file final12.cif (mmCIF, C-alpha atoms)
data_query
loop_
_atom_site.label_atom_id
_atom_site.label_comp_id
_atom_site.auth_asym_id
_atom_site.auth_seq_id
_atom_site.Cartn_x
_atom_site.Cartn_y
_atom_site.Cartn_z
CA MET A 517 -81.14 -38.61 -2.01
CA ALA A 518 -78.54 -40.99 -3.36
CA SER A 519 -80.85 -42.27 -6.09
CA PHE A 520 -81.72 -38.75 -7.17
CA ILE A 521 -78.14 -37.62 -7.30
CA GLY A 522 -77.14 -40.72 -9.21
CA ARG A 523 -79.75 -40.03 -11.88
CA CYS A 524 -79.77 -36.29 -12.18
CA SER A 525 -76.68 -34.65 -10.76
CA ILE A 526 -73.91 -33.84 -13.12
CA SER A 527 -71.44 -36.63 -13.73
CA VAL A 528 -68.05 -35.27 -14.63
CA VAL A 529 -66.94 -37.59 -17.36
CA LEU A 530 -65.18 -36.65 -20.57
CA GLY A 531 -63.01 -39.54 -21.79
CA LEU A 532 -59.45 -38.72 -20.93
CA GLY A 533 -57.39 -41.57 -22.27
CA LEU A 534 -53.67 -41.32 -21.73
CA ALA A 535 -53.53 -37.58 -22.35
CA TRP A 536 -53.15 -36.92 -18.65
CA GLY A 537 -50.00 -39.00 -18.62
CA ARG A 538 -48.18 -38.84 -15.29
CA SER A 539 -48.35 -35.08 -14.82
CA SER A 540 -50.63 -33.07 -12.60
CA VAL A 541 -54.15 -33.06 -14.00
CA GLY A 542 -55.72 -30.03 -15.59
CA ASP A 543 -52.59 -27.91 -15.73
CA SER A 544 -53.24 -24.52 -17.32
CA ALA A 545 -51.77 -21.07 -17.66
CA GLU A 546 -54.73 -19.33 -16.02
CA PRO A 547 -53.49 -15.87 -14.94
CA ASN A 548 -55.69 -15.58 -11.84
CA PRO A 549 -56.56 -19.08 -10.67
CA PRO A 550 -59.05 -19.64 -7.83
CA PRO A 551 -57.67 -20.02 -4.29
CA GLU A 552 -56.31 -23.38 -3.22
CA PHE A 553 -58.25 -24.98 -0.39
CA SER A 554 -59.27 -28.17 1.38
CA ALA A 555 -62.57 -29.13 2.99
CA ASP A 556 -64.64 -31.93 4.47
CA ILE A 557 -67.55 -33.23 2.40
CA VAL A 558 -70.56 -33.77 4.67
CA SER A 559 -73.84 -35.46 3.67
CA ARG A 560 -77.02 -35.09 5.71
CA ASP A 561 -80.63 -36.16 5.30
CA ALA A 562 -83.55 -33.72 5.42
CA ALA A 563 -83.60 -33.90 9.23
CA GLY A 564 -79.91 -33.02 9.46
CA ALA A 565 -78.65 -36.49 10.41
CA LEU A 566 -75.24 -37.45 9.02
CA LEU A 567 -75.15 -39.91 6.12
CA GLY A 568 -72.37 -42.13 4.80
CA GLY A 569 -68.70 -42.18 5.65
CA SER A 570 -66.08 -39.46 5.76
CA ALA A 571 -64.88 -37.65 2.63
CA ARG A 572 -62.24 -35.05 1.95
CA LEU A 573 -61.72 -32.60 -0.93
CA TYR A 574 -58.60 -30.75 -2.07
CA ALA A 575 -58.63 -28.05 -4.74
CA SER A 576 -55.87 -26.21 -6.57
CA GLY A 577 -56.90 -23.93 -9.41
CA ARG A 578 -59.04 -26.08 -11.70
CA LYS A 579 -57.83 -29.35 -10.20
CA VAL A 580 -59.67 -31.35 -7.57
CA ARG A 581 -58.91 -34.47 -5.56
CA ILE A 582 -61.62 -36.34 -3.64
CA GLU A 583 -60.98 -39.07 -1.10
CA THR A 584 -63.87 -40.98 0.42
CA SER A 585 -64.16 -43.87 2.84
CA ASP A 586 -66.88 -45.28 0.59
CA VAL A 587 -64.16 -46.04 -1.99
CA PRO A 588 -61.06 -46.78 0.12
CA ALA A 589 -59.07 -48.41 -2.68
CA GLY A 590 -58.22 -45.14 -4.41
CA PHE A 591 -59.13 -41.52 -5.02
CA PHE A 592 -60.74 -39.32 -7.65
CA LEU A 593 -59.13 -36.57 -9.71
CA ILE A 594 -61.01 -33.84 -11.58
CA GLY A 595 -59.03 -31.64 -13.93
CA GLY A 596 -59.54 -28.49 -15.95
CA ASP A 597 -62.60 -26.50 -17.00
CA SER A 598 -63.95 -29.59 -18.79
CA GLY A 599 -64.53 -31.29 -15.46
CA ALA A 600 -62.92 -34.48 -16.72
CA ALA A 601 -62.67 -37.08 -13.96
CA LEU A 602 -60.54 -40.14 -13.24
CA PHE A 603 -60.55 -42.79 -10.58
CA VAL A 604 -57.02 -43.70 -9.48
CA GLY A 605 -56.90 -47.19 -7.97
CA THR A 606 -54.01 -47.35 -5.54
CA THR A 607 -54.41 -51.07 -4.83
CA GLN A 608 -54.24 -52.22 -8.46
CA ARG A 609 -52.08 -49.27 -9.58
CA VAL A 610 -54.43 -48.28 -12.41
CA PHE A 611 -56.48 -45.26 -13.42
CA MET A 612 -59.69 -45.06 -15.42
CA ASP A 613 -62.56 -42.75 -16.36
CA ALA A 614 -64.60 -42.13 -13.22
CA LYS A 615 -67.99 -42.40 -14.93
CA GLN A 616 -70.70 -42.41 -12.24
CA SER A 617 -68.70 -44.35 -9.68
CA THR A 618 -69.28 -41.69 -7.01
CA ARG A 619 -71.88 -38.99 -6.64
CA LEU A 620 -69.25 -36.62 -5.26
CA THR A 621 -67.58 -36.08 -8.64
CA GLN A 622 -71.04 -35.31 -9.96
CA ILE A 623 -71.29 -32.25 -7.71
CA PHE A 624 -67.92 -30.73 -6.89
CA VAL A 625 -66.64 -29.50 -10.26
CA PRO A 626 -64.78 -26.22 -10.89
CA VAL A 627 -67.23 -23.76 -12.45
CA ASP A 628 -67.64 -20.20 -13.65
CA PRO A 629 -69.80 -18.69 -10.86
CA GLN A 630 -71.47 -16.32 -13.30
CA ASN A 631 -72.30 -19.04 -15.82
CA PRO A 632 -71.87 -22.60 -14.51
CA CYS A 633 -74.74 -24.14 -16.46
CA PRO A 634 -72.88 -24.85 -19.75
CA GLN A 635 -70.14 -26.65 -17.83
CA TRP A 636 -72.63 -28.71 -15.84
CA ARG A 637 -74.64 -29.59 -18.93
CA ALA A 638 -71.62 -30.56 -21.00
CA ALA A 639 -70.48 -32.84 -18.21
CA ALA A 640 -73.94 -34.40 -18.00
CA GLN A 641 -74.03 -35.04 -21.74
CA ASN A 642 -70.60 -36.66 -21.75
CA ALA A 643 -71.64 -38.82 -18.80
CA GLY A 644 -74.73 -40.01 -20.63
CA VAL A 645 -77.16 -38.58 -18.09
CA PRO A 646 -80.65 -39.26 -19.52
CA GLY A 647 -82.21 -36.15 -21.02
CA ALA A 648 -79.11 -33.98 -20.65
CA ALA A 649 -79.25 -33.10 -24.34
CA GLY A 650 -82.97 -32.36 -24.18
CA ASP A 651 -85.28 -31.16 -21.45
CA TRP A 652 -82.57 -30.31 -18.92
CA ARG A 653 -82.65 -26.86 -17.38
CA CYS A 654 -80.26 -24.85 -15.25
CA THR A 655 -81.09 -21.33 -14.10
CA ARG A 656 -80.05 -18.76 -11.53
CA ALA A 657 -82.37 -19.28 -8.58
CA THR A 658 -84.42 -16.56 -6.90
CA ALA A 659 -85.74 -16.50 -3.35
CA THR A 660 -89.33 -16.92 -4.58
CA ALA A 661 -88.49 -19.84 -6.86
CA THR A 662 -86.46 -21.53 -4.15
CA ALA A 663 -89.26 -21.21 -1.59
CA THR A 664 -91.90 -22.50 -4.02
CA ALA A 665 -89.77 -25.47 -5.10
CA THR A 666 -88.94 -26.42 -1.54
CA ALA A 667 -92.54 -26.17 -0.39
CA THR A 668 -93.75 -28.24 -3.33
CA ALA A 669 -91.17 -30.97 -2.75
CA THR A 670 -91.74 -31.22 1.00
CA GLY A 671 -95.42 -30.36 1.23
CA ALA A 672 -94.56 -27.44 3.50
CA GLY A 673 -96.89 -24.54 4.14
CA ALA A 674 -96.35 -20.85 3.48
CA ALA A 675 -94.23 -20.27 6.60
CA ALA A 676 -91.86 -23.11 5.73
CA ALA A 677 -91.66 -21.89 2.15
CA ALA A 678 -90.71 -18.41 3.30
CA ALA A 679 -88.02 -19.83 5.55
CA ALA A 680 -86.62 -21.91 2.71
CA GLY A 681 -86.49 -18.87 0.49
CA SER A 682 -84.37 -16.97 3.00
CA GLY A 683 -81.98 -19.84 3.72
CA SER A 684 -79.23 -19.13 1.17
CA ALA A 685 -75.74 -18.86 2.55
CA SER A 686 -74.43 -15.33 2.64
CA GLY A 687 -72.19 -14.40 -0.26
CA THR A 688 -72.99 -17.46 -2.35
CA MET A 689 -74.70 -17.71 -5.74
CA GLU A 690 -77.63 -20.09 -6.05
CA TYR A 691 -78.66 -22.13 -9.10
CA ARG A 692 -81.42 -24.62 -9.78
CA VAL A 693 -81.06 -27.67 -12.03
CA ASP A 694 -84.21 -29.42 -13.30
CA CYS A 695 -84.05 -32.88 -14.83
CA PRO A 696 -86.44 -34.53 -17.31
CA ASP A 697 -87.62 -36.93 -14.57
CA ARG A 698 -88.90 -33.84 -12.69
CA ASN A 699 -86.32 -34.09 -9.96
CA PHE A 700 -84.41 -30.94 -9.17
CA SER A 701 -81.51 -29.76 -7.06
CA LEU A 702 -80.45 -26.40 -5.67
CA ARG A 703 -76.73 -25.64 -5.82
CA TRP A 704 -74.74 -22.91 -4.12
CA ILE A 705 -71.43 -21.59 -5.48
CA ASP A 706 -68.88 -19.57 -3.54
CA PRO A 707 -67.68 -16.96 -6.08
CA ARG A 708 -64.45 -16.45 -4.15
CA LEU A 709 -63.54 -20.11 -4.50
CA GLU A 710 -65.24 -20.43 -7.94
CA PHE A 711 -66.57 -23.71 -6.66
CA PRO A 712 -69.85 -25.34 -5.58
CA VAL A 713 -70.12 -25.55 -1.80
CA LYS A 714 -73.57 -27.06 -1.30
CA LEU A 715 -76.23 -29.15 -3.00
CA LYS A 716 -79.78 -29.59 -1.74
CA ALA A 717 -81.74 -32.42 -3.33
CA ALA A 718 -85.48 -32.51 -3.91
CA ASP A 719 -85.97 -34.67 -0.82
CA GLY A 720 -84.26 -32.08 1.40
CA GLY A 721 -80.98 -33.95 1.79
CA THR A 722 -77.77 -31.94 1.46
CA ILE A 723 -74.12 -32.39 0.58
CA THR A 724 -71.95 -29.55 1.84
CA LEU A 725 -68.32 -28.48 2.00
CA GLU A 726 -67.46 -27.79 5.64
CA ASN A 727 -64.31 -26.77 7.52
CA VAL A 728 -62.94 -25.03 4.44
CA ARG A 729 -59.29 -24.07 4.82
CA VAL A 730 -57.79 -21.75 2.19
CA GLU A 731 -54.14 -22.75 1.92
CA ALA A 732 -51.62 -24.04 -0.61
CA GLN A 733 -51.99 -27.70 -1.61
CA PRO A 734 -49.13 -30.04 -2.60
CA ALA A 735 -48.94 -30.54 -6.36
CA SER A 736 -48.47 -34.27 -5.81
CA LEU A 737 -52.08 -34.56 -4.65
CA PHE A 738 -53.28 -33.92 -8.20
CA ALA A 739 -50.87 -36.19 -10.07
CA ILE A 740 -51.27 -39.77 -11.24
CA PRO A 741 -48.47 -41.68 -9.51
CA ALA A 742 -45.63 -42.95 -11.68
CA GLY A 743 -46.03 -46.52 -12.85
CA PHE A 744 -49.83 -46.52 -12.87
CA ARG A 745 -51.41 -47.78 -16.10
CA LYS A 746 -54.59 -46.84 -17.91
CA PHE A 747 -57.36 -49.39 -17.42
CA ASP A 748 -59.66 -49.74 -20.42
CA PRO A 749 -62.84 -51.73 -19.62
CA GLN A 750 -63.66 -52.14 -23.30
CA ARG A 751 -60.29 -53.74 -23.97
CA LEU A 752 -60.97 -56.21 -21.15
CA ILE A 753 -64.37 -57.02 -22.64
CA ASP A 754 -62.79 -57.58 -26.07
CA ARG A 755 -60.24 -59.93 -24.55
CA ILE A 756 -62.97 -61.92 -22.80
CA LYS A 757 -64.92 -62.17 -26.04
CA HIS A 758 -61.95 -63.87 -27.66
CA SER A 759 -61.47 -66.28 -24.77
CA ASP A 760 -63.14 -69.58 -23.96
CA VAL A 761 -65.26 -68.04 -21.21
CA TRP A 762 -67.26 -65.81 -23.55
CA ALA A 763 -70.74 -67.01 -24.37
CA GLY A 764 -72.32 -64.96 -27.11
CA PRO A 765 -76.06 -64.66 -27.71
CA GLU A 766 -77.66 -67.78 -29.09
#

call {"tool": "encode", "arguments": {"input": "final12.cif", "output": "structure tokens"}}
result
Amino acid sequence: MASFIGRCSISVVLGLGLAWGRSSVGDSAEPNPPPEFSADIVSRDAAGALLGGSARLYASGRKVRIETSDVPAGFFLIGGDSGAALFVGTTQRVFMDAKQSTRLTQIFVPVDPQNPCPQWRAAAQNAGVPGAAGDWRCTRATATATATATATATGAGAAAAAAAGSGSASGTMEYRVDCPDRNFSLRWIDPRLEFPVKLKAADGGTITLENVRVEAQPASLFAIPAGFRKFDPQRLIDRIKHSDVWAGPE
């Protein structure tokens, strides 16, 4: 599942630069923002066995913070409708564009429940996901389409396909994303939270928000700490090129 998500799921990257400054990310004057909440991020394989380490998500309006034991040296911030993402390195006191450094920022992006596809596609294009500007499709899923896709991917029979088609969580909205490499994922959005709450990959693995608690979140969670500097990988490369350690092509 990890390889699929890394290739096809939507990376939330839109170069931010220093525009975020030291304020809370993604601030807006939205009149009716989505509820604030926190949740555990839980990954499982097709058999339901837990995968990976622990992860935690915090959301406030259009701002998201993700902490994961897989990347203990910092945390991720997602801000605004653009889904722009940063990695904030607490050890080195820097922040940078998240790129595809974690699959979690490729999934849990604030969306419009009625029309999330343009946001997902724009994020994929900005992340450089192969084929995002071409044969990349995102549609509202139906029970029949879900059952057929699941049966095809797993080799299940008619009974399993019927069960898959009836497995959507109550009250959620389901979408299907197809990638040019013929991988697909099913994604469920909670319209009350205006947020994705589950992804099911083509191999049957899932990533789900669990233990959701709707409550106010501290604004400090979504701010870049004072004194942190922007890390620009390209600037580092340019500096190395002008140093004695650079060996250009012969």

call {"tool": "resolve_selection", "arguments": {"input": "final12.cif", "expression": "the PyMOL selection byres ((chain A and resi 711-713) around 6)", "output": "ChimeraX atom specification"}}
result
/A:624,626-627,704-706,709-710,714,724-725

call {"tool": "atom_distance", "arguments": {"input": "final12.cif", "atom1": "CA of Gly564 (chain A)", "atom2": "CA of Gly721 (chain A)"}}
result
7.8 Å

call {"tool": "atom_distance", "arguments": {"input": "final12.cif", "atom1": "CA of Thr584 (chain A)", "atom2": "CA of Leu567 (chain A)"}}
result
12.7 Å

call {"tool": "residues_around", "arguments": {"input": "final12.cif", "residues": "region 653-657 of chain A", "least_positions_apart": "4", "cutoff": "9 Å", "atoms": "all atoms listed in the file", "output": "list in words"}}
result
Asn631, Pro632, Cys633, Pro634, Trp636, Arg637, Ala648, Ala661, Thr662, Met689, Glu690, Tyr691, Arg692, Val693, Asp694, Cys695, Pro696, Leu702 and Arg703 of chain A

call {"tool": "write_last_selection", "arguments": {"input": "final12.cif", "atoms": "C-alpha atoms", "output": "CSV table (one decimal), keeping the file's coordinate frame"}}
result
chain,number,residue,atom,x,y,z
A,631,ASN,CA,-72.3,-19.0,-15.8
A,632,PRO,CA,-71.9,-22.6,-14.5
A,633,CYS,CA,-74.7,-24.1,-16.5
A,634,PRO,CA,-72.9,-24.8,-19.8
A,636,TRP,CA,-72.6,-28.7,-15.8
A,637,ARG,CA,-74.6,-29.6,-18.9
A,648,ALA,CA,-79.1,-34.0,-20.6
A,661,ALA,CA,-88.5,-19.8,-6.9
A,662,THR,CA,-86.5,-21.5,-4.2
A,689,MET,CA,-74.7,-17.7,-5.7
A,690,GLU,CA,-77.6,-20.1,-6.0
A,691,TYR,CA,-78.7,-22.1,-9.1
A,692,ARG,CA,-81.4,-24.6,-9.8
A,693,VAL,CA,-81.1,-27.7,-12.0
A,694,ASP,CA,-84.2,-29.4,-13.3
A,695,CYS,CA,-84.0,-32.9,-14.8
A,696,PRO,CA,-86.4,-34.5,-17.3
A,702,LEU,CA,-80.4,-26.4,-5.7
A,703,ARG,CA,-76.7,-25.6,-5.8

call {"tool": "atom_distance", "arguments": {"input": "final12.cif", "atom1": "CA of Gln733 (chain A)", "atom2": "CA of Ala571 (chain A)"}}
result
16.8 Å

call {"tool": "closest_residue", "arguments": {"input": "final12.cif", "among": "A:Pro588, A:Pro707, A:Pro551, A:Pro629", "to": "Gly569 (chain A)", "atoms": "all atoms listed in the file"}}
result
A:Pro588

call {"tool": "resolve_selection", "arguments": {"input": "final12.cif", "expression": "the PyMOL selection byres ((chain A and resi 607) around 10)", "output": "ChimeraX atom specification"}}
result
/A:588-590,604-606,608-610

call {"tool": "closest_residue", "arguments": {"input": "final12.cif", "among": "A:Val558, A:Met612, A:Ala565, A:Ala732", "to": "Gly577 (chain A)", "atoms": "only C-alpha atoms"}}
result
A:Ala732

call {"tool": "closest_residue", "arguments": {"input": "final12.cif", "among": "A:Ala739, A:Val587, A:Ala562, A:Ser570", "to": "Glu726 (chain A)", "atoms": "all atoms listed in the file"}}
result
A:Ser570

call {"tool": "closest_residue", "arguments": {"input": "final12.cif", "among": "A:Leu573, A:Arg708, A:Ser559, A:Asp697", "to": "Gln630 (chain A)", "atoms": "all atoms listed in the file"}}
result
A:Arg708

call {"tool": "closest_residue", "arguments": {"input": "final12.cif", "among": "A:Arg698, A:Pro734, A:Pro646, A:Tyr574", "to": "Phe553 (chain A)", "atoms": "only C-alpha atoms"}}
result
A:Tyr574

call {"tool": "residues_around", "arguments": {"input": "final12.cif", "residues": "Thr722 (chain A)", "least_positions_apart": "6", "cutoff": "6 Å", "atoms": "only C-alpha atoms", "output": "PyMOL selection string"}}
result
chain A and resi 559-560+715-716

call {"tool": "residues_near_point", "arguments": {"input": "final12.cif", "point": "(-58.1, -31.1, 0.7)", "cutoff": "10 Å", "atoms": "all atoms listed in the file", "output": "MDAnalysis selection string"}}
result
chainID A and resid 552:557 571:576 580:583 728:734 737

call {"tool": "closest_residue", "arguments": {"input": "final12.cif", "among": "A:Ile723, A:Phe738, A:Lys579, A:Ala600", "to": "Arg619 (chain A)", "atoms": "only C-alpha atoms"}}
result
A:Ile723
